[in-house]
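Below is one structure; the comments refer to it alone.
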Amino acid sequence: MSWHELERLVSDVETDGVIRRAMKCCRSRHEFVLAARRLGYRITRIDLQLALEEEQLEQRKGDDQLLVL
C-alpha cells in the first residue's frame, strides 16, 4: 500500500480547495480512486480498501478500550 500517496492526498484535500472540491463530488470509492489518479495520486482500489479496514480496526480498538473503563 502506498501510505505516502494516501497521506499526501489527505493533506492536499485538507489544504487545497480545488482538490477538496474535486474529491468531494465523488459518489463511490471507484469515482474517488479515479479522481485521485486524474489528479496525479498513485493509489489503487486496494490501497483505499486497506486504509478503510485499518481505520475501522482502530475505531474498534478505541471502542473496546471504552468498554474496559
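Residues are referred to by chain and number: the chain letter is A, B, ... according to the order shown in the C-alpha cells, the number counts from 1 in that chain, and ligands are numbered separately from 1 in the order shown.
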
Practice problem: Output as number ranges by chain all residues of chain A that backbone DSSP marks as alpha helix (DSSP H). | Solution: A: 3-15, 17-24, 29-38, 45-68

Self-check item: Shell of 9 Å around A:Leu48, only C-alpha atoms, local chain residues under 3 positions omitted, as a PyMOL selection string
Solution: chain A and resi 1+6+29+33+43-45+51-53

Exercise. Have a look at A:Gln49, A:Asp16, A:Glu55, A:His4 and name the one nearest to A:Phe32; count only C-alpha atoms.
Key: A:Gln49

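Coordinates place atom CA of A:Leu50 at a distance of 18.4 Å from atom CA of A:Gly62.
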
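The residue that comes closest to A:Arg20, out of A:Ser2, A:Ala36, A:Ile46, A:Leu57 and on the basis of only C-alpha atoms, is A:Ala36.
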
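Rounded to one decimal, atom CA of A:Met23 and atom CA of A:Arg60 lie 26.7 Å from each other.
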
Self-check item: Top pick for closest residue to A:Arg21, considering A:Ala35, A:Gln59, A:Arg8, A:Glu54 and counting only C-alpha atoms
Solution: A:Ala35

Quiz item: Mind pulling up the distance from atom CA of A:Ala22 to atom CA of A:Glu58?
Solution: 27.6 Å
